[in-house]
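Participant: TSV, C-alpha atoms and all ligand atoms, saved as start03.tsv, coming up:
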chain	number	residue	atom	x	y	z
A	3	MET	CA	92.47	125.96	69.36
A	4	ARG	CA	89.58	126.45	66.94
A	5	GLN	CA	86.92	123.75	66.43
A	6	ASP	CA	88.06	122.99	62.86
A	7	GLU	CA	91.60	122.40	64.17
A	8	ALA	CA	90.24	119.99	66.80
A	9	ALA	CA	88.34	118.11	64.07
A	10	ARG	CA	91.60	117.51	62.20
A	11	LEU	CA	93.12	115.96	65.34
A	12	ARG	CA	90.44	113.26	65.44
A	13	ARG	CA	91.91	109.72	65.47
A	14	GLU	CA	90.23	106.34	65.42
A	15	TYR	CA	91.14	103.94	68.23
A	16	GLU	CA	91.69	100.44	66.96
A	17	ALA	CA	92.87	98.33	69.89
A	18	GLY	CA	90.92	95.33	71.23
A	19	GLY	CA	88.01	95.92	73.58
A	20	LEU	CA	87.39	94.96	77.19
A	21	ILE	CA	85.45	91.80	77.97
A	22	GLU	CA	84.19	91.34	81.52
A	23	ALA	CA	85.13	87.64	81.60
A	24	GLU	CA	88.73	88.53	80.72
A	25	MET	CA	89.11	91.28	83.34
A	26	ALA	CA	90.74	90.37	86.67
A	27	SER	CA	88.26	90.22	89.56
A	28	ASP	CA	90.56	92.54	91.55
A	29	PRO	CA	91.17	95.98	89.98
A	30	PHE	CA	94.73	96.10	91.34
A	31	GLU	CA	95.55	92.92	89.43
A	32	GLN	CA	94.04	94.48	86.31
A	33	PHE	CA	96.00	97.69	86.91
A	34	ARG	CA	99.19	95.65	87.34
A	35	GLU	CA	98.54	94.03	83.94
A	36	TRP	CA	97.94	97.39	82.20
A	37	PHE	CA	100.86	99.00	83.99
A	38	ASP	CA	103.20	96.20	82.87
A	39	GLY	CA	101.91	96.91	79.33
A	40	VAL	CA	102.87	100.61	79.45
A	41	VAL	CA	106.28	99.80	80.90
A	42	GLU	CA	106.81	97.31	78.07
A	43	VAL	CA	106.12	99.89	75.34
A	44	GLU	CA	108.45	102.31	77.14
A	45	LEU	CA	106.08	105.23	77.51
A	46	PHE	CA	107.75	108.30	79.05
A	47	GLU	CA	106.96	108.49	82.82
A	48	PRO	CA	104.04	106.02	82.66
A	49	ASN	CA	103.63	106.43	86.43
A	50	THR	CA	102.38	110.01	85.98
A	51	PHE	CA	98.79	110.62	87.02
A	52	VAL	CA	96.60	113.65	87.51
A	53	LEU	CA	95.50	114.01	91.11
A	54	ALA	CA	92.32	115.92	91.80
A	55	THR	CA	91.54	117.29	95.25
A	56	ALA	CA	88.97	119.78	96.49
A	57	ASP	CA	88.87	122.34	99.24
A	58	PRO	CA	86.15	122.08	101.92
A	59	SER	CA	83.79	124.23	99.81
A	60	GLY	CA	84.13	121.72	96.94
A	61	ARG	CA	86.31	123.91	94.69
A	62	PRO	CA	88.49	121.43	92.76
A	63	SER	CA	92.17	121.59	91.81
A	64	ALA	CA	94.25	119.10	89.81
A	65	ARG	CA	97.92	118.52	89.08
A	66	ALA	CA	100.26	115.80	87.81
A	67	VAL	CA	102.24	113.72	90.32
A	68	LEU	CA	104.30	110.53	90.09
A	69	MET	CA	103.08	107.22	91.52
A	70	LYS	CA	105.92	105.72	93.56
A	71	SER	CA	104.27	102.45	94.53
A	72	PHE	CA	100.98	100.64	94.36
A	73	SER	CA	99.53	97.61	96.08
A	74	ALA	CA	96.17	96.45	97.36
A	75	ASP	CA	96.54	99.24	99.96
A	76	GLY	CA	96.45	101.92	97.29
A	77	ILE	CA	98.46	104.32	95.17
A	78	VAL	CA	101.32	106.22	96.78
A	79	PHE	CA	102.94	109.53	95.79
A	80	TYR	CA	105.23	111.92	97.64
A	81	THR	CA	104.96	115.66	98.02
A	82	ASN	CA	105.25	118.63	100.31
A	83	MET	CA	102.81	118.18	103.20
A	84	SER	CA	102.16	121.95	103.37
A	85	SER	CA	101.47	122.30	99.63
A	86	ARG	CA	98.07	123.28	98.31
A	87	LYS	CA	97.14	119.65	97.55
A	88	SER	CA	98.16	118.50	101.04
A	89	ARG	CA	96.33	121.38	102.71
A	90	GLU	CA	93.21	120.43	100.79
A	91	LEU	CA	93.60	116.73	101.61
A	92	LYS	CA	94.01	117.45	105.33
A	93	GLN	CA	90.65	119.23	105.29
A	94	ASN	CA	88.93	116.99	102.75
A	95	PRO	CA	90.58	113.57	102.27
A	96	ALA	CA	88.58	112.70	99.12
A	97	GLY	CA	90.57	112.55	95.88
A	98	ALA	CA	90.77	111.15	92.37
A	99	ALA	CA	93.74	109.88	90.37
A	100	THR	CA	93.63	109.58	86.58
A	101	PHE	CA	96.28	107.86	84.47
A	102	VAL	CA	96.13	108.60	80.72
A	103	TRP	CA	98.19	106.40	78.40
A	104	LEU	CA	97.41	107.86	74.99
A	105	PRO	CA	99.56	105.60	72.77
A	106	LEU	CA	97.60	102.62	74.14
A	107	HIS	CA	94.26	104.51	74.07
A	108	ARG	CA	93.80	103.75	77.73
A	109	GLN	CA	92.72	105.62	80.83
A	110	VAL	CA	92.39	104.40	84.43
A	111	ARG	CA	90.47	106.43	87.02
A	112	PHE	CA	90.74	105.86	90.76
A	113	GLU	CA	88.47	107.58	93.28
A	114	GLY	CA	88.69	107.24	97.03
A	115	SER	CA	90.13	108.68	100.18
A	116	LEU	CA	93.71	109.55	101.01
A	117	THR	CA	95.76	109.07	104.16
A	118	PRO	CA	99.38	110.06	104.87
A	119	VAL	CA	101.88	107.20	104.52
A	120	ASP	CA	103.74	106.12	107.69
A	121	ASP	CA	106.80	108.19	108.58
A	122	SER	CA	109.04	105.12	108.36
A	123	VAL	CA	107.91	104.46	104.75
A	124	ALA	CA	108.43	108.12	103.81
A	125	ASP	CA	111.88	108.07	105.48
A	126	GLU	CA	112.86	105.02	103.46
A	127	TYR	CA	111.75	106.54	100.16
A	128	PHE	CA	113.32	109.94	100.95
A	129	ALA	CA	116.65	108.25	101.71
A	130	SER	CA	116.57	106.59	98.27
A	131	ARG	CA	116.24	109.92	96.40
A	132	PRO	CA	119.25	111.59	94.80
A	133	ARG	CA	120.86	114.24	97.06
A	134	GLY	CA	119.81	117.05	94.69
A	135	ALA	CA	116.14	116.10	95.03
A	136	GLN	CA	116.55	115.82	98.81
A	137	ILE	CA	117.99	119.35	99.01
A	138	GLY	CA	115.27	120.57	96.65
A	139	ALA	CA	112.60	119.21	98.99
A	140	HIS	CA	114.10	121.27	101.86
A	141	ALA	CA	114.57	124.38	99.73
A	142	SER	CA	111.13	124.63	98.14
A	143	PRO	CA	108.16	125.94	100.16
A	144	GLN	CA	105.91	124.24	97.60
A	145	SER	CA	102.83	126.20	96.49
A	146	GLU	CA	103.92	129.42	98.30
A	147	VAL	CA	104.54	132.64	96.42
A	148	VAL	CA	108.31	133.35	96.30
A	149	GLN	CA	110.02	136.60	95.40
A	150	SER	CA	112.28	135.24	92.64
A	151	ARG	CA	114.08	132.25	91.14
A	152	ASP	CA	117.21	133.69	92.71
A	153	PHE	CA	115.65	133.37	96.19
A	154	LEU	CA	115.15	129.64	95.58
A	155	GLU	CA	118.66	129.16	94.16
A	156	ARG	CA	120.18	130.85	97.20
A	157	ARG	CA	118.16	128.71	99.60
A	158	TYR	CA	119.24	125.60	97.70
A	159	ALA	CA	122.94	126.58	97.83
A	160	GLU	CA	122.79	127.43	101.55
A	161	LEU	CA	121.10	124.16	102.45
A	162	ASP	CA	123.42	122.16	100.20
A	163	GLU	CA	126.35	123.58	102.15
A	164	SER	CA	124.80	123.19	105.59
A	165	PHE	CA	123.94	119.48	105.32
A	166	GLY	CA	126.52	116.76	105.72
A	167	GLU	CA	126.44	113.62	103.63
A	168	GLU	CA	123.06	112.53	104.96
A	169	VAL	CA	120.08	114.76	104.31
A	170	PRO	CA	117.22	114.12	106.76
A	171	ARG	CA	113.62	114.07	105.52
A	172	PRO	CA	112.05	117.49	106.07
A	173	ASP	CA	109.04	117.52	108.43
A	174	THR	CA	107.09	119.12	105.60
A	175	TRP	CA	107.69	116.30	103.12
A	176	GLY	CA	105.85	113.00	103.01
A	177	GLY	CA	103.58	110.66	101.11
A	178	TRP	CA	99.90	110.15	100.54
A	179	CYS	CA	98.15	106.88	99.76
A	180	LEU	CA	94.90	106.88	97.80
A	181	GLN	CA	92.74	103.92	98.85
A	182	PRO	CA	90.21	103.57	96.04
A	183	SER	CA	86.55	102.82	96.46
A	184	SER	CA	86.15	102.72	92.68
A	185	VAL	CA	88.45	102.07	89.71
A	186	GLU	CA	87.46	102.50	86.06
A	187	PHE	CA	89.32	101.03	83.08
A	188	TRP	CA	88.69	102.80	79.77
A	189	GLN	CA	89.73	101.45	76.40
A	190	GLY	CA	89.40	103.66	73.31
A	191	LEU	CA	87.62	101.97	70.39
A	192	PRO	CA	86.43	102.97	66.88
A	193	ASN	CA	83.50	105.39	66.41
A	194	ARG	CA	83.95	106.76	69.94
A	195	PHE	CA	82.18	103.57	71.05
A	196	HIS	CA	84.65	102.95	73.85
A	197	ASP	CA	84.67	100.29	76.57
A	198	ARG	CA	84.40	101.28	80.21
A	199	ILE	CA	84.54	98.78	83.06
A	200	LEU	CA	83.92	100.11	86.56
A	201	TYR	CA	84.94	98.27	89.75
A	202	ARG	CA	83.29	99.37	92.99
A	203	LEU	CA	84.17	98.30	96.49
A	204	GLU	CA	81.12	96.85	98.22
A	205	GLY	CA	82.01	95.84	101.77
A	206	ASP	CA	85.28	94.08	101.13
A	207	ALA	CA	84.45	92.70	97.66
A	208	TRP	CA	84.81	94.37	94.28
A	209	SER	CA	81.82	94.51	91.93
A	210	MET	CA	82.21	95.03	88.19
A	211	GLU	CA	79.86	96.95	85.88
A	212	ARG	CA	79.95	98.28	82.33
A	213	LEU	CA	79.40	101.99	81.72
A	214	ALA	CA	78.25	103.56	78.47
A	215	PRO	CA	81.01	105.49	76.71
B	301	LIG	C1	105.08	114.80	85.13
B	301	LIG	C2	104.99	115.53	86.45
B	301	LIG	C3	105.23	114.84	87.63
B	301	LIG	C4	105.14	115.50	88.86
B	301	LIG	N1	105.35	114.78	90.01
B	301	LIG	C5	105.19	115.38	91.21
B	301	LIG	C6	105.27	114.62	92.42
B	301	LIG	O1	105.45	113.38	92.42
B	301	LIG	N2	105.11	115.29	93.60
B	301	LIG	C7	104.87	116.64	93.65
B	301	LIG	O2	104.74	117.18	94.75
B	301	LIG	N3	104.76	117.37	92.53
B	301	LIG	C8	104.92	116.79	91.31
B	301	LIG	N4	104.78	117.51	90.15
B	301	LIG	C9	104.45	118.97	90.28
B	301	LIG	C10	102.94	119.12	90.51
B	301	LIG	O3	102.24	118.99	89.28
B	301	LIG	C11	102.59	120.48	91.14
B	301	LIG	O4	103.14	121.55	90.40
B	301	LIG	C12	103.10	120.61	92.59
B	301	LIG	O5	102.99	119.39	93.30
B	301	LIG	C13	102.34	121.70	93.34
B	301	LIG	O6	100.95	121.40	93.34
B	301	LIG	P1	99.92	122.06	94.40
B	301	LIG	O7	100.31	123.52	94.50
B	301	LIG	O8	98.58	121.87	93.82
B	301	LIG	O9	100.10	121.35	95.71
B	301	LIG	C14	104.85	116.90	88.91
B	301	LIG	C15	104.60	117.58	87.71
B	301	LIG	C16	104.67	116.91	86.50
B	301	LIG	C17	104.34	117.67	85.24
Mind converting the file's structure to structure tokens?
Ligand SMILES: Cc1cc2nc3c(=O)[nH]c(=O)nc-3n(C[C@H](O)[C@H](O)[C@H](O)COP(=O)(O)O)c2cc1C
Facilitator:
Amino acid sequence: MRQDEAARLRREYEAGGLIEAEMASDPFEQFREWFDGVVEVELFEPNTFVLATADPSGRPSARAVLMKSFSADGIVFYTNMSSRKSRELKQNPAGAATFVWLPLHRQVRFEGSLTPVDDSVADEYFASRPRGAQIGAHASPQSEVVQSRDFLERRYAELDESFGEEVPRPDTWGGWCLQPSSVEFWQGLPNRFHDRILYRLEGDAWSMERLAP
């Protein structure tokens, strides 16, 4: 994209701003409020976020994943535990999760550390997935180089045939929970003069500060 094309894409953001006194004192409560808002306007896959990880040398990588639950304990997603992201997290448990909800001119950024979810929780979620997704989890050596699409299709068909009605959770599939130490709420406003409110965990209490846009 050329710079003049980017200039034509410029839009003004006209929603209301963020006022400290109106923000929840707990960022998860605030997130709940914003998340209810995106569900209400029926955004496509509003639970998508970009997860950033880094290898031990600090080289970053980022990809989209789907949030499957959130609570005061953190944000949970499921994946292959031998994938690139999981390999990086096992060596360096620091990560960041960014939700971008463009139609509402909003962004939420979580930063913190990640731990695997308990096997029993992963079992429960895996059992709730459609059979096709369960077979897919067994068939895909996520992040590995494979020789062809055909190789994957054959693996899928073989596994589909070999399993009975119940498909067990593969050992290589599980969940991660990001426990944030900071959460930032960003609201787009006119003249690129946006609002940013940052919560930081200090001991076991959340502080709130305003950042310049
Ligand atoms: C909208 C969207 C949602 C996705 N959700 C997940 C997910 O929940 N879990 C997952 O493992 N990959 C998901 N992916 C695929 C990842 O972006 C990525 O390709 C994959 O996890 C391998 O990443 P890695 O090689 O860095 O580990 C999703 C992709 C998109 C575009």
Participant: Just the residues within 9 Å of Ala74 (chain A), please, counting all atoms listed in the file, with nothing from its chain fewer than 3 positions along; format it as an MDAnalysis selection string.
Facilitator: chainID A and resid 28:31 77 181
Participant: Around the point (76.0, 100.2, 79.4) in the file's coordinates, collect all residues with an atom within 12 Å, using only C-alpha atoms, and return them as a VMD selection string.
Facilitator: chain A and resid 195 to 200 210 to 215
Participant: Show which residues sit within 12 Å of Gly190 (chain A), as a PDB file with C-alpha atoms, in the coordinates of the input. Count only C-alpha atoms, and ignore same-chain residues fewer than 5 positions away.
Facilitator:
ATOM      1  CA  ARG A  13      91.910 109.720  65.470  1.00  0.00           C
ATOM      2  CA  GLU A  14      90.230 106.340  65.420  1.00  0.00           C
ATOM      3  CA  TYR A  15      91.140 103.940  68.230  1.00  0.00           C
ATOM      4  CA  GLU A  16      91.690 100.440  66.960  1.00  0.00           C
ATOM      5  CA  ALA A  17      92.870  98.330  69.890  1.00  0.00           C
ATOM      6  CA  GLY A  18      90.920  95.330  71.230  1.00  0.00           C
ATOM      7  CA  GLY A  19      88.010  95.920  73.580  1.00  0.00           C
ATOM      8  CA  LEU A  20      87.390  94.960  77.190  1.00  0.00           C
ATOM      9  CA  VAL A 102      96.130 108.600  80.720  1.00  0.00           C
ATOM     10  CA  TRP A 103      98.190 106.400  78.400  1.00  0.00           C
ATOM     11  CA  LEU A 104      97.410 107.860  74.990  1.00  0.00           C
ATOM     12  CA  PRO A 105      99.560 105.600  72.770  1.00  0.00           C
ATOM     13  CA  LEU A 106      97.600 102.620  74.140  1.00  0.00           C
ATOM     14  CA  HIS A 107      94.260 104.510  74.070  1.00  0.00           C
ATOM     15  CA  ARG A 108      93.800 103.750  77.730  1.00  0.00           C
ATOM     16  CA  GLN A 109      92.720 105.620  80.830  1.00  0.00           C
ATOM     17  CA  VAL A 110      92.390 104.400  84.430  1.00  0.00           C
ATOM     18  CA  PHE A 195      82.180 103.570  71.050  1.00  0.00           C
ATOM     19  CA  HIS A 196      84.650 102.950  73.850  1.00  0.00           C
ATOM     20  CA  ASP A 197      84.670 100.290  76.570  1.00  0.00           C
ATOM     21  CA  ARG A 198      84.400 101.280  80.210  1.00  0.00           C
ATOM     22  CA  ILE A 199      84.540  98.780  83.060  1.00  0.00           C
ATOM     23  CA  PRO A 215      81.010 105.490  76.710  1.00  0.00           C
TER      24      PRO A 215
END
Participant: Using only C-alpha atoms and all ligand atoms, tabulate the residues of chain A lying at most 10 Å from any atom of ligand LIG 301 (chain B), each with its closest atom pair and that distance in Å to one decimal, by chain and increasing residue number, as a Markdown table.
Facilitator:
| residue | atom | partner | partner_atom | distance |
| --- | --- | --- | --- | --- |
| A:Phe46 | CA | B:LIG301 | C1 | 9.3 |
| A:Glu47 | CA | B:LIG301 | C1 | 7.0 |
| A:Pro48 | CA | B:LIG301 | C1 | 9.2 |
| A:Asn49 | CA | B:LIG301 | C1 | 8.6 |
| A:Thr50 | CA | B:LIG301 | C1 | 5.6 |
| A:Phe51 | CA | B:LIG301 | C3 | 7.7 |
| A:Val52 | CA | B:LIG301 | O3 | 8.0 |
| A:Leu53 | CA | B:LIG301 | O3 | 8.6 |
| A:Ala54 | CA | B:LIG301 | O8 | 8.9 |
| A:Thr55 | CA | B:LIG301 | O8 | 8.5 |
| A:Ser63 | CA | B:LIG301 | O8 | 6.7 |
| A:Ala64 | CA | B:LIG301 | O8 | 6.5 |
| A:Arg65 | CA | B:LIG301 | O3 | 4.4 |
| A:Ala66 | CA | B:LIG301 | O3 | 4.0 |
| A:Val67 | CA | B:LIG301 | N1 | 3.3 |
| A:Leu68 | CA | B:LIG301 | O1 | 3.9 |
| A:Met69 | CA | B:LIG301 | O1 | 6.7 |
| A:Lys70 | CA | B:LIG301 | O1 | 7.8 |
| A:Val78 | CA | B:LIG301 | O1 | 9.3 |
| A:Phe79 | CA | B:LIG301 | O1 | 5.7 |
| A:Tyr80 | CA | B:LIG301 | N2 | 5.3 |
| A:Thr81 | CA | B:LIG301 | O2 | 3.6 |
| A:Asn82 | CA | B:LIG301 | O2 | 5.8 |
| A:Met83 | CA | B:LIG301 | O9 | 8.6 |
| A:Ser84 | CA | B:LIG301 | O9 | 8.0 |
| A:Ser85 | CA | B:LIG301 | O9 | 4.3 |
| A:Arg86 | CA | B:LIG301 | O9 | 3.8 |
| A:Lys87 | CA | B:LIG301 | O9 | 3.9 |
| A:Ser88 | CA | B:LIG301 | O9 | 6.3 |
| A:Arg89 | CA | B:LIG301 | O9 | 8.0 |
| A:Glu90 | CA | B:LIG301 | O9 | 8.6 |
| A:Leu91 | CA | B:LIG301 | O9 | 9.9 |
| A:Ala139 | CA | B:LIG301 | O2 | 9.2 |
| A:Pro143 | CA | B:LIG301 | C13 | 9.9 |
| A:Gln144 | CA | B:LIG301 | C13 | 6.1 |
| A:Ser145 | CA | B:LIG301 | O7 | 4.2 |
| A:Glu146 | CA | B:LIG301 | O7 | 7.9 |
| A:Trp175 | CA | B:LIG301 | O2 | 8.9 |
| A:Gly176 | CA | B:LIG301 | O2 | 9.3 |
| A:Gly177 | CA | B:LIG301 | N2 | 9.0 |
Participant: Pick out the residues sitting within 9 Å of Ala129 (chain A), and hand them over as an NGL selection string; count only C-alpha atoms, and ignore anything fewer than 4 positions along from it in its own chain.
Facilitator: :A and (124-125 or 133 or 136 or 168-171)
Participant: To one decimal place, how far is CA of Glu204 (chain A) from CA of Ser183 (chain A) in Å?
Facilitator: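 Distance reported for this atom pair: 8.3 Å.
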Participant: Using only C-alpha atoms, which of A:Gly166, A:Leu116, A:Tyr201, A:Gly39 sits nearest Glu22 (chain A)?
Facilitator: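 Closest to Glu22 (chain A) of all the choices is A:Tyr201.
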Participant: Please write out, as JSON, where the centre of an axis-aligned box around all listed atoms of region 139-143 of chain A lies and how long its edges are, in Å to one decimal, after adding 4 Å on each side.
Facilitator:
{"center_x": 111.4, "center_y": 122.6, "center_z": 100.0, "size_x": 14.4, "size_y": 14.7, "size_z": 11.7}
Participant: To one decimal place, how far is CA of Ser142 (chain A) from CA of Ser71 (chain A) in Å?
Facilitator: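 If I compute the distance from CA of Ser142 (chain A) to CA of Ser71 (chain A), I get 23.5 Å.
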